[in-house]
$ cat protein.cif   # mmCIF, C-alpha atoms
data_entry
loop_
_atom_site.label_atom_id
_atom_site.label_comp_id
_atom_site.auth_asym_id
_atom_site.auth_seq_id
_atom_site.Cartn_x
_atom_site.Cartn_y
_atom_site.Cartn_z
CA MET A 7 13.57 17.92 -11.25
CA ASN A 8 10.74 19.28 -13.37
CA SER A 9 7.40 17.53 -13.04
CA PRO A 10 6.13 15.62 -16.10
CA PHE A 11 2.65 16.75 -15.05
CA PRO A 12 2.95 20.50 -14.44
CA ALA A 13 0.21 22.41 -12.64
CA GLN A 14 -2.39 23.83 -14.97
CA ASN A 15 -5.80 25.49 -14.69
CA ALA A 16 -5.16 25.80 -10.92
CA GLY A 17 -8.09 28.18 -10.54
CA GLY A 18 -10.65 26.07 -12.37
CA ARG A 19 -14.00 24.55 -11.43
CA TYR A 20 -14.74 20.85 -11.74
CA ASP A 21 -17.53 18.38 -11.20
CA VAL A 22 -15.26 16.02 -9.26
CA VAL A 23 -11.84 16.53 -7.70
CA VAL A 24 -9.69 13.67 -6.43
CA ILE A 25 -7.23 14.69 -3.71
CA GLY A 26 -4.16 12.50 -3.93
CA GLY A 27 -2.17 11.28 -6.92
CA GLY A 28 -1.31 7.86 -5.54
CA ILE A 29 -2.57 4.75 -7.25
CA VAL A 30 -5.94 4.70 -5.41
CA GLY A 31 -6.62 8.33 -6.29
CA LEU A 32 -5.61 7.84 -9.92
CA ALA A 33 -7.68 4.67 -10.17
CA THR A 34 -10.67 6.57 -8.79
CA ALA A 35 -10.23 9.26 -11.44
CA VAL A 36 -9.95 6.61 -14.18
CA THR A 37 -13.16 4.97 -12.95
CA VAL A 38 -15.13 8.24 -12.73
CA LEU A 39 -14.18 9.12 -16.30
CA GLN A 40 -15.01 5.64 -17.58
CA ARG A 41 -18.52 5.86 -16.16
CA HIS A 42 -19.06 9.57 -16.80
CA PRO A 43 -17.04 10.68 -19.84
CA GLU A 44 -18.59 14.16 -19.70
CA CYS A 45 -17.36 14.75 -16.14
CA ARG A 46 -15.00 17.67 -15.56
CA LEU A 47 -12.40 16.09 -13.31
CA ALA A 48 -9.06 16.98 -11.77
CA VAL A 49 -6.59 15.09 -9.61
CA LEU A 50 -4.69 17.24 -7.11
CA GLU A 51 -1.29 15.95 -6.03
CA ALA A 52 0.81 17.68 -3.36
CA GLU A 53 4.14 16.44 -4.75
CA SER A 54 5.84 17.29 -8.03
CA ASP A 55 4.94 13.89 -9.49
CA VAL A 56 2.33 11.19 -8.94
CA GLY A 57 2.93 8.00 -6.95
CA ARG A 58 5.72 9.46 -4.83
CA HIS A 59 4.84 7.82 -1.53
CA GLN A 60 3.12 4.45 -0.84
CA SER A 61 2.41 3.77 -4.51
CA GLY A 62 6.01 4.30 -5.57
CA ASN A 63 7.72 2.68 -2.60
CA ASN A 64 6.04 -0.69 -2.19
CA SER A 65 7.20 -4.20 -3.04
CA GLY A 66 5.60 -4.25 -6.49
CA VAL A 67 3.60 -7.39 -5.76
CA ILE A 68 0.25 -8.17 -7.37
CA HIS A 69 -1.35 -9.92 -4.42
CA SER A 70 -3.67 -12.91 -4.76
CA GLY A 71 -5.87 -12.27 -1.70
CA LEU A 72 -4.40 -15.19 0.20
CA TYR A 73 -4.35 -13.82 3.75
CA TYR A 74 -7.43 -11.68 4.13
CA ARG A 75 -10.50 -12.44 6.20
CA PRO A 76 -13.15 -13.96 3.91
CA GLY A 77 -15.94 -11.50 3.24
CA SER A 78 -13.82 -8.48 4.16
CA THR A 79 -13.46 -5.52 1.83
CA LYS A 80 -9.77 -6.38 1.52
CA ALA A 81 -10.49 -9.93 0.39
CA LYS A 82 -13.17 -8.98 -2.13
CA THR A 83 -11.41 -5.95 -3.62
CA CYS A 84 -8.07 -7.73 -3.82
CA ARG A 85 -9.55 -10.56 -5.88
CA GLU A 86 -11.52 -8.21 -8.11
CA GLY A 87 -8.75 -5.62 -8.29
CA LYS A 88 -6.13 -8.18 -9.27
CA GLN A 89 -8.08 -9.07 -12.40
CA LEU A 90 -8.77 -5.42 -13.22
CA LEU A 91 -5.12 -4.47 -12.71
CA GLU A 92 -3.83 -7.28 -14.90
CA GLN A 93 -6.23 -6.29 -17.68
CA PHE A 94 -5.24 -2.63 -17.30
CA CYS A 95 -1.59 -3.60 -17.69
CA ARG A 96 -2.39 -5.60 -20.81
CA ASP A 97 -4.36 -2.71 -22.29
CA GLU A 98 -1.72 -0.09 -21.47
CA GLY A 99 1.37 -2.15 -22.26
CA VAL A 100 2.67 -2.13 -18.68
CA ARG A 101 5.06 -5.02 -18.09
CA TRP A 102 4.07 -7.50 -15.38
CA ASP A 103 4.78 -11.11 -14.54
CA ARG A 104 2.61 -13.77 -12.89
CA CYS A 105 5.61 -15.41 -11.26
CA GLY A 106 4.05 -17.09 -8.21
CA LYS A 107 5.19 -17.21 -4.60
CA VAL A 108 5.72 -19.64 -1.76
CA VAL A 109 4.59 -19.12 1.85
CA VAL A 110 6.90 -21.13 4.07
CA ALA A 111 6.27 -22.51 7.58
CA VAL A 112 9.50 -23.02 9.53
CA ASN A 113 8.12 -24.51 12.78
CA ALA A 114 5.11 -26.41 14.11
CA ASP A 115 3.18 -23.30 15.16
CA GLU A 116 3.60 -21.77 11.73
CA ARG A 117 2.59 -25.03 10.11
CA GLN A 118 -0.72 -24.85 11.98
CA ARG A 119 -1.21 -21.22 10.92
CA LEU A 120 -0.37 -22.25 7.35
CA ASP A 121 -3.43 -24.51 7.46
CA GLN A 122 -5.53 -21.52 8.53
CA ILE A 123 -4.17 -19.48 5.64
CA ALA A 124 -5.01 -22.33 3.27
CA ASP A 125 -8.59 -22.30 4.58
CA ARG A 126 -8.83 -18.56 3.92
CA ALA A 127 -7.35 -18.99 0.47
CA THR A 128 -9.98 -21.61 -0.37
CA GLN A 129 -12.81 -19.36 0.82
CA ASN A 130 -11.38 -16.41 -1.12
CA GLY A 131 -11.07 -18.40 -4.35
CA VAL A 132 -7.28 -18.20 -4.53
CA GLU A 133 -5.43 -20.73 -6.67
CA PHE A 134 -2.83 -22.51 -4.53
CA GLU A 135 -1.33 -25.89 -3.71
CA ARG A 136 0.06 -27.38 -0.52
CA ILE A 137 3.61 -28.51 -1.16
CA ASP A 138 6.16 -30.59 0.71
CA THR A 139 9.83 -29.84 1.22
CA ASP A 140 10.86 -31.63 -1.98
CA ARG A 141 8.54 -29.47 -4.08
CA LEU A 142 9.65 -26.35 -2.18
CA ARG A 143 13.27 -27.09 -3.07
CA GLN A 144 12.28 -27.46 -6.72
CA LEU A 145 10.65 -24.03 -6.71
CA GLU A 146 13.10 -22.25 -4.39
CA PRO A 147 16.25 -24.33 -3.88
CA ALA A 148 17.68 -22.05 -1.18
CA ALA A 149 14.49 -21.89 0.92
CA ALA A 150 13.94 -24.15 3.92
CA GLY A 151 10.84 -25.05 5.91
CA LEU A 152 8.56 -27.82 7.16
CA ALA A 153 5.77 -27.13 4.68
CA ALA A 154 4.64 -24.44 2.29
CA LEU A 155 1.90 -23.13 0.06
CA HIS A 156 2.61 -22.40 -3.57
CA VAL A 157 0.49 -19.57 -4.99
CA PRO A 158 1.12 -19.50 -8.76
CA GLU A 159 -1.18 -16.55 -9.48
CA THR A 160 0.79 -13.98 -7.44
CA GLY A 161 2.58 -11.49 -9.69
CA ILE A 162 4.93 -8.51 -9.81
CA VAL A 163 4.63 -5.15 -11.56
CA ASP A 164 6.14 -1.66 -11.59
CA TYR A 165 3.50 0.38 -9.75
CA PRO A 166 5.04 3.78 -10.63
CA GLU A 167 4.63 2.79 -14.29
CA VAL A 168 1.02 1.80 -13.58
CA CYS A 169 0.50 5.28 -12.09
CA ARG A 170 1.97 6.93 -15.18
CA ALA A 171 -0.28 4.83 -17.40
CA MET A 172 -3.29 5.92 -15.32
CA VAL A 173 -2.29 9.57 -15.80
CA ARG A 174 -2.17 9.02 -19.55
CA ARG A 175 -5.63 7.48 -19.50
CA ILE A 176 -7.04 10.30 -17.34
CA ARG A 177 -5.67 12.96 -19.67
CA ALA A 178 -6.82 11.10 -22.77
CA ALA A 179 -10.35 11.13 -21.29
CA GLY A 180 -10.22 14.90 -20.74
CA GLY A 181 -9.28 14.94 -17.06
CA GLN A 182 -6.47 16.93 -15.52
CA VAL A 183 -3.65 16.01 -13.18
CA ILE A 184 -2.41 19.01 -11.23
CA THR A 185 0.78 18.57 -9.22
CA ASP A 186 2.34 20.78 -6.53
CA PHE A 187 -1.12 21.50 -5.12
CA ARG A 188 -1.15 20.62 -1.42
CA VAL A 189 -4.72 20.98 -0.14
CA ASP A 190 -4.63 22.56 3.32
CA ALA A 191 -8.14 24.01 3.67
CA ILE A 192 -11.57 22.83 2.50
CA ASP A 193 -14.73 24.91 2.62
CA VAL A 194 -18.00 23.05 2.02
CA ALA A 195 -20.34 25.74 3.30
CA GLY A 196 -21.15 27.44 0.01
CA THR A 197 -22.56 26.38 -3.32
CA ASP A 198 -19.15 25.06 -4.35
CA VAL A 199 -16.63 23.00 -2.43
CA VAL A 200 -13.54 25.22 -2.24
CA LEU A 201 -10.12 23.55 -2.01
CA LYS A 202 -7.27 25.85 -1.07
CA ALA A 203 -3.50 25.50 -1.08
CA VAL A 204 -1.01 27.92 0.48
CA GLN A 205 1.22 28.01 -2.57
CA HIS A 206 -1.66 28.92 -4.94
CA ASP A 207 -3.59 32.19 -4.92
CA ASP A 208 -6.54 30.72 -6.77
CA PRO A 209 -8.51 27.88 -5.12
CA ILE A 210 -10.00 24.89 -6.89
CA ARG A 211 -13.79 24.68 -6.90
CA CYS A 212 -15.88 21.58 -7.43
CA ASP A 213 -19.22 19.93 -6.78
CA ARG A 214 -17.78 16.88 -5.02
CA TYR A 215 -14.41 15.49 -4.05
CA VAL A 216 -12.71 12.25 -3.05
CA ASN A 217 -10.05 12.20 -0.36
CA CYS A 218 -7.33 9.70 -1.31
CA GLY A 219 -4.66 11.55 0.63
CA GLY A 220 -2.82 8.48 1.93
CA LEU A 221 -0.43 9.62 4.65
CA GLN A 222 -2.43 12.86 5.01
CA CYS A 223 -5.94 11.46 4.59
CA ASP A 224 -7.06 11.90 8.21
CA ARG A 225 -5.87 15.51 8.24
CA ILE A 226 -7.68 16.23 5.00
CA ALA A 227 -10.86 14.74 6.46
CA ARG A 228 -10.58 16.85 9.59
CA ALA A 229 -9.90 19.97 7.50
CA ALA A 230 -13.29 19.37 5.85
CA GLY A 231 -15.03 18.91 9.20
CA VAL A 232 -15.47 15.17 8.79
CA LYS A 233 -15.60 13.39 12.14
CA THR A 234 -13.35 10.37 12.32
CA ASP A 235 -11.86 8.66 15.36
CA VAL A 236 -8.98 7.01 13.53
CA ARG A 237 -5.57 8.58 13.20
CA ILE A 238 -2.86 7.78 10.67
CA VAL A 239 0.31 6.46 12.28
CA PRO A 240 3.24 6.22 9.84
CA PHE A 241 5.31 3.03 9.88
CA ARG A 242 8.50 2.83 7.88
CA GLY A 243 9.52 -0.37 6.16
CA GLU A 244 13.23 -0.71 5.39
CA TYR A 245 14.67 -3.04 2.76
CA TYR A 246 17.92 -4.60 1.76
CA GLU A 247 18.65 -5.94 -1.71
CA LEU A 248 20.55 -9.04 -2.71
CA LYS A 249 23.82 -8.25 -4.41
CA SER A 250 23.90 -9.32 -8.04
CA GLU A 251 26.05 -12.38 -7.34
CA SER A 252 23.60 -13.51 -4.62
CA GLN A 253 20.33 -13.12 -6.51
CA ARG A 254 20.39 -16.85 -7.32
CA LEU A 255 19.19 -17.39 -3.73
CA CYS A 256 15.66 -16.30 -4.67
CA ARG A 257 13.92 -17.18 -7.91
CA ASN A 258 10.60 -15.39 -7.33
CA LEU A 259 8.80 -14.55 -4.05
CA ILE A 260 9.43 -16.22 -0.67
CA TYR A 261 7.15 -15.22 2.21
CA PRO A 262 6.89 -16.26 5.86
CA VAL A 263 3.71 -17.28 7.64
CA PRO A 264 2.48 -13.95 9.08
CA ASP A 265 1.76 -13.28 12.74
CA PRO A 266 -2.05 -12.97 12.95
CA SER A 267 -1.80 -10.41 15.80
CA PHE A 268 0.09 -7.89 13.65
CA PRO A 269 -0.93 -6.62 10.17
CA PHE A 270 2.59 -6.73 8.72
CA LEU A 271 3.69 -9.78 6.76
CA GLY A 272 7.22 -10.01 8.13
CA VAL A 273 10.48 -9.94 6.20
CA HIS A 274 10.33 -11.71 2.85
CA PHE A 275 12.09 -11.96 -0.50
CA THR A 276 10.64 -10.32 -3.60
CA ARG A 277 11.94 -10.48 -7.14
CA MET A 278 11.33 -7.11 -8.78
CA ILE A 279 10.01 -6.59 -12.28
CA GLN A 280 12.89 -4.16 -13.04
CA GLY A 281 15.43 -6.75 -11.90
CA GLY A 282 16.98 -7.58 -8.55
CA VAL A 283 15.61 -9.04 -5.33
CA GLU A 284 14.42 -7.08 -2.30
CA CYS A 285 14.64 -8.42 1.26
CA GLY A 286 12.38 -7.02 3.97
CA PRO A 287 10.75 -4.96 5.22
CA ASN A 288 10.85 -4.44 8.94
CA ALA A 289 8.24 -2.10 10.47
CA VAL A 290 9.31 0.81 12.68
CA LEU A 291 7.58 4.00 13.70
CA ALA A 292 8.46 6.79 11.27
CA MET A 293 9.49 10.08 12.88
CA ALA A 294 7.49 11.98 10.24
CA ARG A 295 4.57 11.27 7.95
CA HIS A 296 7.12 11.28 5.15
CA GLY A 297 9.91 9.84 7.28
CA TYR A 298 11.89 7.59 4.97
CA ARG A 299 15.04 7.71 7.14
CA TRP A 300 15.72 7.99 10.87
CA SER A 301 17.05 11.47 10.14
CA ASP A 302 13.67 12.53 8.71
CA VAL A 303 12.10 14.03 11.83
CA ASN A 304 9.08 16.30 11.84
CA VAL A 305 8.49 17.51 15.39
CA SER A 306 4.82 18.32 14.73
CA ASP A 307 4.12 14.92 13.14
CA LEU A 308 5.93 13.06 15.90
CA ALA A 309 4.19 15.01 18.67
CA GLU A 310 0.82 14.26 17.08
CA THR A 311 1.60 10.54 17.02
CA LEU A 312 2.98 10.35 20.55
CA SER A 313 0.11 12.38 22.01
CA PHE A 314 -2.50 10.10 20.41
CA ALA A 315 -3.89 7.75 23.06
CA GLY A 316 -4.45 5.06 20.44
CA PHE A 317 -0.75 4.94 19.58
CA ARG A 318 0.29 4.78 23.22
CA LYS A 319 -2.10 1.86 23.81
CA LEU A 320 -0.80 0.15 20.67
CA ALA A 321 2.81 0.61 21.79
CA GLY A 322 1.95 -0.78 25.22
CA LYS A 323 0.53 -3.95 23.68
CA HIS A 324 3.26 -4.55 21.11
CA TRP A 325 6.39 -3.04 22.65
CA ARG A 326 8.36 -6.29 22.47
CA MET A 327 7.70 -6.70 18.76
CA GLY A 328 8.37 -3.00 18.20
CA ALA A 329 11.70 -3.24 20.01
CA GLY A 330 12.70 -6.18 17.82
CA GLU A 331 11.80 -4.28 14.67
CA MET A 332 13.88 -1.29 15.81
CA TYR A 333 16.83 -3.54 16.63
CA ARG A 334 16.73 -4.96 13.11
CA SER A 335 16.63 -1.40 11.77
CA PHE A 336 19.99 -0.63 13.35
CA SER A 337 21.59 -4.08 13.10
CA LYS A 338 22.29 -5.64 9.72
CA HIS A 339 23.28 -8.82 11.58
CA ALA A 340 19.85 -9.02 13.24
CA PHE A 341 18.11 -8.33 9.93
CA THR A 342 20.14 -11.12 8.34
CA ARG A 343 19.13 -13.55 11.11
CA ALA A 344 15.47 -12.81 10.38
CA LEU A 345 16.04 -13.56 6.69
CA GLN A 346 17.85 -16.79 7.53
CA LYS A 347 14.60 -18.27 8.83
CA LEU A 348 13.56 -18.56 5.18
CA ILE A 349 16.96 -18.88 3.48
CA PRO A 350 19.46 -20.35 5.98
CA SER A 351 22.45 -19.91 3.68
CA ILE A 352 22.10 -16.15 3.36
CA ARG A 353 24.86 -14.02 4.89
CA SER A 354 25.10 -10.32 5.66
CA THR A 355 27.69 -10.03 2.90
CA ASP A 356 24.95 -10.99 0.41
CA LEU A 357 23.01 -7.81 1.25
CA LYS A 358 23.29 -4.18 0.26
CA PRO A 359 21.12 -1.29 1.54
CA GLY A 360 17.84 -0.82 -0.32
CA ARG A 361 15.02 1.68 -0.26
CA SER A 362 12.42 2.48 2.37
CA GLY A 363 8.67 3.02 2.24
CA VAL A 364 6.21 4.55 4.70
CA ARG A 365 2.87 2.89 5.34
CA ALA A 366 -0.15 4.97 6.32
CA GLN A 367 -1.76 2.83 9.02
CA ALA A 368 -5.05 3.88 10.60
CA VAL A 369 -5.20 3.29 14.35
CA THR A 370 -8.29 3.56 16.56
CA PRO A 371 -8.38 5.41 19.91
CA GLU A 372 -8.43 1.96 21.55
CA GLY A 373 -5.02 1.16 20.07
CA VAL A 374 -6.28 -1.22 17.40
CA LEU A 375 -4.65 -1.31 13.99
CA VAL A 376 -7.46 -1.02 11.43
CA ASP A 377 -7.11 -4.21 9.42
CA ASP A 378 -9.59 -3.63 6.60
CA PHE A 379 -9.91 -0.82 4.10
CA LEU A 380 -11.87 2.08 5.59
CA ILE A 381 -14.04 4.29 3.37
CA GLN A 382 -16.19 6.97 5.01
CA ARG A 383 -18.85 9.28 3.67
CA GLY A 384 -18.66 13.04 4.28
CA PRO A 385 -20.49 16.15 3.08
CA ARG A 386 -20.25 16.05 -0.73
CA SER A 387 -17.29 13.73 -0.39
CA VAL A 388 -15.93 10.24 0.13
CA HIS A 389 -12.82 9.69 2.28
CA VAL A 390 -10.47 6.71 1.94
CA LEU A 391 -9.07 6.59 5.48
CA ASN A 392 -7.21 3.28 5.49
CA ALA A 393 -5.72 1.76 2.37
CA PRO A 394 -2.56 -0.21 3.20
CA SER A 395 -1.45 -3.30 1.31
CA PRO A 396 -2.97 -4.74 -0.85
CA ALA A 397 -4.38 -1.35 -1.89
CA ALA A 398 -2.17 -1.10 -4.98
CA THR A 399 -3.41 -4.48 -6.22
CA ALA A 400 -6.99 -3.60 -5.27
CA SER A 401 -6.89 0.01 -6.45
CA LEU A 402 -9.29 -0.27 -9.39
CA ALA A 403 -11.75 -2.27 -7.28
CA ILE A 404 -11.50 0.21 -4.40
CA ALA A 405 -12.20 2.92 -6.96
CA ARG A 406 -15.41 1.15 -7.96
CA HIS A 407 -16.53 1.15 -4.32
CA VAL A 408 -15.78 4.86 -3.99
CA VAL A 409 -17.65 5.81 -7.15
CA ASP A 410 -20.55 3.55 -6.15
CA ARG A 411 -20.85 5.58 -2.94
CA PHE A 412 -21.10 8.78 -4.95
CA GLU A 413 -23.72 7.35 -7.26
CA SER A 414 -25.91 5.57 -4.72
CA GLU A 415 -26.17 8.05 -1.84
CA GLU A 416 -27.58 11.53 -1.61
CA ASP A 417 -25.73 14.21 0.30
#
$ encode --input "protein.cif" --output "structure tokens"
Amino acid sequence: MNSPFPAQNAGGRYDVVVIGGGIVGLATAVTVLQRHPECRLAVLEAESDVGRHQSGNNSGVIHSGLYYRPGSTKAKTCREGKQLLEQFCRDEGVRWDRCGKVVVAVNADERQRLDQIADRATQNGVEFERIDTDRLRQLEPAAAGLAALHVPETGIVDYPEVCRAMVRRIRAAGGQVITDFRVDAIDVAGTDVVLKAVQHDDPIRCDRYVNCGGLQCDRIARAAGVKTDVRIVPFRGEYYELKSESQRLCRNLIYPVPDPSFPFLGVHFTRMIQGGVECGPNAVLAMARHGYRWSDVNVSDLAETLSFAGFRKLAGKHWRMGAGEMYRSFSKHAFTRALQKLIPSIRSTDLKPGRSGVRAQAVTPEGVLVDDFLIQRGPRSVHVLNAPSPAATASLAIARHVVDRFESEED
């Protein structure tokens, strides 16, 4: 399929280059051009189109900032980014819906954790209400639980369409989006930063660059000589969808109370802006950085993950949970049982296979999953080294942080 954004001016020189055409990279380019309209800017994307990985394979939720530690970058940028994203969608005519969600506790332990989430929501300024089972049944008749939170300000959107709208804005402001340019070498020793790609004879030259490489961000940083201890470990999330005759089981969004020891939210139900309802995801180790199926195996990627001491320590701590996630990957019956905790009446016959997404999760050498966004300074550069959910919601706010780093610090 031909790219809607073909490579152009691949041998040019720019003031700023953004590596990565996902939503965080595109938002960064939009923000640079808003503040500095005279800036010569290019976005370099390795794929034939923008938003092909995390940005185009997520749940499409506009998060409220409900779960995140008060004062964390995640909490602050999610709240700010949500407002910026909604305004961007209004300005660009991107369809979205503030549909609301419920977070449902199904046992006493979860009910206690629900109270903790409510405390965080209050501190983060999130609009919510505690609801009883009667109110839960009014909102989601098929859902069951002991108690719940209703978060009316949560929304849904088509993030690939948001990415396309960002490309239009970048180009209208004089920037360029260059696809099929996979940066594999960076030279910062000379007057210019030189970005090279195997498939292009002519390098890209610039004064400064931003690394928003997502699943490849740690490798890009190391290619530039930036010292970082974290390593990206790819986790695949697999989804089912409700068949059309079963979509009545979920009106909007139904979420579980998350396990605080693991940064994944657990299987949930999400109405999609394009229609339909997704169920999932699980979280299993991907066999490649772009491993969307079990058959997608990259020996080099897998060896790098398995040889990383941080991953081995992580696996040692969470092997039981990991085994359960893998079991659900291979067993539709087990996946259905997990969904029945929220909607007891659901049956495996209500489900059909859905898509998969791969999450770029930064892990420390100590085996700790990096919970917050991680932005690191480098020579003539800024590197976004951890931007999992809610990065799509927070993208325009993350972009402000990145550009602030450029403007406030000297190399």
$ residues_around --input "protein.cif" --residues "A:Ala227" --least-positions-apart "5" --cutoff "9 Å" --atoms "all atoms listed in the file" --output "ChimeraX atom specification"
/A:217,222,232-234,384,389,391
$ residues_around --input "protein.cif" --residues "A:Ile68" --least-positions-apart "6" --cutoff "8 Å" --atoms "all atoms listed in the file" --output "MDAnalysis selection string"
chainID A and resid 88 160:163 398:399
$ residues_around --input "protein.cif" --residues "A:Leu291" --least-positions-apart "5" --cutoff "7 Å" --atoms "all atoms listed in the file" --output "PyMOL selection string"
chain A and resi 240-242
$ resolve_selection --input "protein.cif" --expression "the PyMOL selection byres ((chain A and resi 20) around 6)" --output "list in words"
Arg19, Asp21, Val22, Arg46, Leu47 and Cys212 of chain A
$ atom_distance --input "protein.cif" --atom1 "atom CA of A:Leu152" --atom2 "atom CA of A:Ala111"
5.8 Å
$ residues_around --input "protein.cif" --residues "A:Val303" --least-positions-apart "2" --cutoff "6 Å" --atoms "only C-alpha atoms" --output "short mmCIF file (atom, residue, chain, number, x, y, z; two decimals) with C-alpha atoms, in the frame of the given file"
data_model
loop_
_atom_site.label_atom_id
_atom_site.label_comp_id
_atom_site.auth_asym_id
_atom_site.auth_seq_id
_atom_site.Cartn_x
_atom_site.Cartn_y
_atom_site.Cartn_z
CA MET A 293 9.49 10.08 12.88
CA ALA A 294 7.49 11.98 10.24
CA SER A 301 17.05 11.47 10.14
#
$ closest_residue --input "protein.cif" --among "A:Val183, A:Leu255, A:Ile349, A:Leu142" --to "A:Gly27" --atoms "only C-alpha atoms"
A:Val183
$ atom_distance --input "protein.cif" --atom1 "atom CA of A:Leu120" --atom2 "atom CA of A:His324"
22.7 Å
$ resolve_selection --input "protein.cif" --expression "the PyMOL selection byres ((chain A and resi 370) around 7)" --output "list in words"
Asp235, Val236, Arg237, Gly316, Ala368, Val369, Pro371, Glu372, Gly373, Val374, Leu375 and Val376 of chain A
$ closest_residue --input "protein.cif" --among "A:Val408, A:Val108, A:Ala153, A:Ile29" --to "A:Ser387" --atoms "only C-alpha atoms"
A:Val408
$ resolve_selection --input "protein.cif" --expression "the PyMOL selection byres ((chain A and resi 342) around 10)" --output "PyMOL selection string"
chain A and resi 246+273+285-286+334+337-341+343-347+349-350+352-357
$ closest_residue --input "protein.cif" --among "A:Ala114, A:Val239, A:Ala321, A:Val30" --to "A:Gln60" --atoms "only C-alpha atoms"
A:Val30
$ axis_aligned_box --input "protein.cif" --around "stretch 121-140 of chain A" --padding-each-side "4 Å" --output "JSON"
{"center_x": -1.0, "center_y": -24.0, "center_z": 0.9, "size_x": 31.7, "size_y": 23.2, "size_z": 23.2}
$ residues_near_point --input "protein.cif" --point "(-19.4, 24.6, -0.1)" --cutoff "12 Å" --atoms "all atoms listed in the file" --output "list in words"
Ala191, Ile192, Asp193, Val194, Ala195, Gly196, Thr197, Asp198, Val199, Val200, Leu201, Ile210, Arg211, Cys212, Asp213, Arg214, Tyr215, Ala230, Gly231, Pro385, Arg386 and Ser387 of chain A
$ write_last_selection --input "protein.cif" --atoms "C-alpha atoms" --output "short mmCIF file (atom, residue, chain, number, x, y, z; two decimals), in the frame of the given file"
data_model
loop_
_atom_site.label_atom_id
_atom_site.label_comp_id
_atom_site.auth_asym_id
_atom_site.auth_seq_id
_atom_site.Cartn_x
_atom_site.Cartn_y
_atom_site.Cartn_z
CA ALA A 191 -8.14 24.01 3.67
CA ILE A 192 -11.57 22.83 2.50
CA ASP A 193 -14.73 24.91 2.62
CA VAL A 194 -18.00 23.05 2.02
CA ALA A 195 -20.34 25.74 3.30
CA GLY A 196 -21.15 27.44 0.01
CA THR A 197 -22.56 26.38 -3.32
CA ASP A 198 -19.15 25.06 -4.35
CA VAL A 199 -16.63 23.00 -2.43
CA VAL A 200 -13.54 25.22 -2.24
CA LEU A 201 -10.12 23.55 -2.01
CA ILE A 210 -10.00 24.89 -6.89
CA ARG A 211 -13.79 24.68 -6.90
CA CYS A 212 -15.88 21.58 -7.43
CA ASP A 213 -19.22 19.93 -6.78
CA ARG A 214 -17.78 16.88 -5.02
CA TYR A 215 -14.41 15.49 -4.05
CA ALA A 230 -13.29 19.37 5.85
CA GLY A 231 -15.03 18.91 9.20
CA PRO A 385 -20.49 16.15 3.08
CA ARG A 386 -20.25 16.05 -0.73
CA SER A 387 -17.29 13.73 -0.39
#
$ atom_distance --input "protein.cif" --atom1 "atom CA of A:Ile279" --atom2 "atom CA of A:Asp164"
6.3 Å
$ closest_residue --input "protein.cif" --among "A:Glu44, A:Glu284, A:Glu167, A:Glu244" --to "A:Arg257" --atoms "only C-alpha atoms"
A:Glu284
$ residues_around --input "protein.cif" --residues "A:His59" --least-positions-apart "2" --cutoff "8 Å" --atoms "only C-alpha atoms" --output "list in words"
Gly28, Gly57, Ser61, Gly62, Asn63, His296, Gly363 and Val364 of chain A
$ residues_near_point --input "protein.cif" --point "(16.5, -3.8, -5.1)" --cutoff "7 Å" --atoms "only C-alpha atoms" --output "PyMOL selection string"
chain A and resi 247+282-284+360
$ build_atoms --input "protein.cif" --residues "stretch 152-161 of chain A" --atoms "N, CA and C atoms" --output "JSON list (two decimals), in the frame of the given file"
[["chain", "number", "residue", "atom", "x", "y", "z"],
["A", 152, "LEU", "N", 9.24, -26.54, 6.94],
["A", 152, "LEU", "CA", 8.56, -27.82, 7.16],
["A", 152, "LEU", "C", 7.48, -28.08, 6.13],
["A", 153, "ALA", "N", 6.85, -27.02, 5.66],
["A", 153, "ALA", "CA", 5.77, -27.13, 4.68],
["A", 153, "ALA", "C", 5.57, -25.76, 4.05],
["A", 154, "ALA", "N", 4.82, -25.72, 2.98],
["A", 154, "ALA", "CA", 4.64, -24.44, 2.29],
["A", 154, "ALA", "C", 3.37, -24.49, 1.45],
["A", 155, "LEU", "N", 2.92, -23.31, 1.08],
["A", 155, "LEU", "CA", 1.90, -23.13, 0.06],
["A", 155, "LEU", "C", 2.54, -22.51, -1.16],
["A", 156, "HIS", "N", 2.17, -23.02, -2.32],
["A", 156, "HIS", "CA", 2.61, -22.40, -3.57],
["A", 156, "HIS", "C", 1.41, -21.69, -4.17],
["A", 157, "VAL", "N", 1.57, -20.40, -4.45],
["A", 157, "VAL", "CA", 0.49, -19.57, -4.99],
["A", 157, "VAL", "C", 0.92, -19.09, -6.36],
["A", 158, "PRO", "N", 0.59, -19.83, -7.43],
["A", 158, "PRO", "CA", 1.12, -19.50, -8.76],
["A", 158, "PRO", "C", 0.56, -18.21, -9.35],
["A", 159, "GLU", "N", -0.58, -17.72, -8.83],
["A", 159, "GLU", "CA", -1.18, -16.55, -9.48],
["A", 159, "GLU", "C", -0.68, -15.21, -8.93],
["A", 160, "THR", "N", 0.19, -15.22, -7.92],
["A", 160, "THR", "CA", 0.79, -13.98, -7.44],
["A", 160, "THR", "C", 1.72, -13.43, -8.52],
["A", 161, "GLY", "N", 1.77, -12.10, -8.65],
["A", 161, "GLY", "CA", 2.58, -11.49, -9.69],
["A", 161, "GLY", "C", 3.40, -10.32, -9.19]]
